[in-house]
Amino acid sequence: MTVTVRLVPELRHQLETYCRKHGVSKSHVITELLRERLSGPSRGAKTAYQLAREFGLIGAFSSGKGDLAENRKRYLREKLRAKRAR
């Protein structure tokens, strides 16, 4: 079956770049993306993130540091230095 899709230039460029980099055809990428999207959870189903949020697992273990994700390397380095100093 043939399908024609009009893509905005930016998306077309991203698709072409991805295909060149990974050595796959545009048809292959689009088919795989459709397969993933159409076989994913149904509209009424909750995602793993939504379930974890409902059960209170997200943010349950706060470090008190709001920038952990951004400065993880710095915090790890400080921990390791403190451990060596003992």
# chains A, B, ... in the order shown; residues from 1 in each chain; ligands from 1
>>> residues_around(residues="region 29-38 of chain A", least_positions_apart="5", cutoff="9 Å", atoms="only C-alpha atoms", output="count of residues only")
4
>>> select_by_dssp(residues="chain A", states="helix (DSSP H, G or I)", output="number ranges by chain")
A: 9-22, 26-39, 48-54, 72-85
>>> write_last_selection(atoms="N, CA and C atoms", output="short mmCIF file (atom, residue, chain, number, x, y, z; two decimals), in the first residue's frame")
data_model
loop_
_atom_site.label_atom_id
_atom_site.label_comp_id
_atom_site.auth_asym_id
_atom_site.auth_seq_id
_atom_site.Cartn_x
_atom_site.Cartn_y
_atom_site.Cartn_z
N PRO A 9 9.52 20.90 6.35
CA PRO A 9 10.94 20.75 5.97
C PRO A 9 11.85 20.28 7.10
N GLU A 10 11.63 20.79 8.30
CA GLU A 10 12.50 20.40 9.43
C GLU A 10 12.38 18.91 9.72
N LEU A 11 11.15 18.40 9.73
CA LEU A 11 10.93 16.98 10.00
C LEU A 11 11.48 16.12 8.86
N ARG A 12 11.31 16.58 7.63
CA ARG A 12 11.85 15.85 6.48
C ARG A 12 13.37 15.76 6.58
N HIS A 13 14.00 16.86 6.97
CA HIS A 13 15.46 16.88 7.11
C HIS A 13 15.91 15.93 8.22
N GLN A 14 15.19 15.93 9.35
CA GLN A 14 15.54 15.02 10.45
C GLN A 14 15.41 13.56 10.02
N LEU A 15 14.36 13.27 9.27
CA LEU A 15 14.16 11.90 8.79
C LEU A 15 15.29 11.49 7.84
N GLU A 16 15.63 12.36 6.91
CA GLU A 16 16.70 12.05 5.96
C GLU A 16 18.05 11.86 6.67
N THR A 17 18.32 12.70 7.63
CA THR A 17 19.57 12.60 8.40
C THR A 17 19.62 11.28 9.17
N TYR A 18 18.51 10.94 9.83
CA TYR A 18 18.44 9.70 10.59
C TYR A 18 18.68 8.49 9.68
N CYS A 19 18.02 8.49 8.53
CA CYS A 19 18.14 7.37 7.59
C CYS A 19 19.57 7.23 7.07
N ARG A 20 20.20 8.34 6.74
CA ARG A 20 21.57 8.29 6.27
C ARG A 20 22.51 7.76 7.35
N LYS A 21 22.33 8.27 8.57
CA LYS A 21 23.19 7.89 9.69
C LYS A 21 23.06 6.41 10.03
N HIS A 22 21.83 5.88 9.99
CA HIS A 22 21.59 4.49 10.37
C HIS A 22 21.51 3.52 9.19
N LYS A 26 13.56 5.38 4.41
CA LYS A 26 12.51 6.18 5.03
C LYS A 26 11.29 5.30 5.31
N SER A 27 10.98 4.43 4.37
CA SER A 27 9.83 3.52 4.54
C SER A 27 10.00 2.65 5.78
N HIS A 28 11.21 2.16 5.99
CA HIS A 28 11.48 1.30 7.15
C HIS A 28 11.24 2.06 8.44
N VAL A 29 11.78 3.28 8.52
CA VAL A 29 11.65 4.08 9.75
C VAL A 29 10.18 4.40 10.01
N ILE A 30 9.47 4.84 8.99
CA ILE A 30 8.06 5.20 9.17
C ILE A 30 7.23 3.99 9.53
N THR A 31 7.50 2.85 8.91
CA THR A 31 6.77 1.61 9.24
C THR A 31 6.99 1.21 10.68
N GLU A 32 8.25 1.26 11.14
CA GLU A 32 8.55 0.90 12.53
C GLU A 32 7.90 1.85 13.52
N LEU A 33 7.92 3.14 13.21
CA LEU A 33 7.30 4.12 14.09
C LEU A 33 5.79 3.90 14.18
N LEU A 34 5.17 3.62 13.05
CA LEU A 34 3.73 3.33 13.05
C LEU A 34 3.43 2.06 13.83
N ARG A 35 4.26 1.05 13.64
CA ARG A 35 4.06 -0.21 14.35
C ARG A 35 4.13 0.01 15.86
N GLU A 36 5.14 0.75 16.32
CA GLU A 36 5.28 1.05 17.74
C GLU A 36 4.09 1.84 18.26
N ARG A 37 3.72 2.86 17.52
CA ARG A 37 2.63 3.75 17.97
C ARG A 37 1.29 3.03 18.01
N LEU A 38 1.03 2.22 17.02
CA LEU A 38 -0.27 1.55 16.93
C LEU A 38 -0.37 0.34 17.84
N SER A 39 0.75 -0.22 18.26
CA SER A 39 0.70 -1.38 19.15
C SER A 39 0.92 -0.99 20.61
N ALA A 48 3.46 3.66 32.66
CA ALA A 48 4.19 3.28 33.87
C ALA A 48 4.44 4.51 34.73
N TYR A 49 4.75 5.64 34.10
CA TYR A 49 4.98 6.87 34.85
C TYR A 49 3.72 7.29 35.60
N GLN A 50 2.58 7.25 34.93
CA GLN A 50 1.32 7.64 35.58
C GLN A 50 1.01 6.75 36.77
N LEU A 51 1.22 5.45 36.62
CA LEU A 51 0.97 4.52 37.72
C LEU A 51 1.91 4.79 38.89
N ALA A 52 3.20 4.99 38.60
CA ALA A 52 4.17 5.25 39.66
C ALA A 52 3.83 6.55 40.38
N ARG A 53 3.38 7.54 39.64
CA ARG A 53 3.00 8.82 40.24
C ARG A 53 1.81 8.63 41.18
N GLU A 54 0.81 7.84 40.74
CA GLU A 54 -0.37 7.58 41.56
C GLU A 54 -0.02 6.86 42.86
N ARG A 72 24.82 16.05 38.70
CA ARG A 72 25.10 14.71 39.23
C ARG A 72 26.59 14.41 39.30
N LYS A 73 27.34 14.84 38.28
CA LYS A 73 28.77 14.57 38.27
C LYS A 73 29.48 15.28 39.42
N ARG A 74 29.09 16.52 39.65
CA ARG A 74 29.70 17.27 40.75
C ARG A 74 29.42 16.62 42.09
N TYR A 75 28.16 16.20 42.32
CA TYR A 75 27.80 15.56 43.59
C TYR A 75 28.53 14.22 43.76
N LEU A 76 28.66 13.47 42.69
CA LEU A 76 29.37 12.20 42.76
C LEU A 76 30.84 12.43 43.08
N ARG A 77 31.43 13.42 42.42
CA ARG A 77 32.84 13.75 42.67
C ARG A 77 33.06 14.15 44.13
N GLU A 78 32.17 14.97 44.66
CA GLU A 78 32.27 15.38 46.07
C GLU A 78 32.18 14.19 47.01
N LYS A 79 31.25 13.27 46.72
CA LYS A 79 31.09 12.07 47.56
C LYS A 79 32.35 11.22 47.53
N LEU A 80 32.92 11.03 46.34
CA LEU A 80 34.12 10.21 46.21
C LEU A 80 35.32 10.85 46.92
N ARG A 81 35.45 12.15 46.80
CA ARG A 81 36.56 12.85 47.47
C ARG A 81 36.41 12.75 48.98
N ALA A 82 35.19 12.89 49.47
CA ALA A 82 34.95 12.80 50.91
C ALA A 82 35.27 11.40 51.41
N LYS A 83 34.98 10.41 50.63
CA LYS A 83 35.24 9.02 51.02
C LYS A 83 36.76 8.75 51.07
N ARG A 84 37.52 9.31 50.12
CA ARG A 84 38.97 9.13 50.09
C ARG A 84 39.65 9.85 51.24
N ALA A 85 39.06 10.96 51.68
CA ALA A 85 39.68 11.80 52.72
C ALA A 85 39.65 11.14 54.09
#
>>> atom_distance(atom1="CA of Phe55 (chain A)", atom2="CA of Asn71 (chain A)")
27.6 Å
>>> atom_distance(atom1="CA of Ala45 (chain A)", atom2="CA of Ile58 (chain A)")
18.8 Å
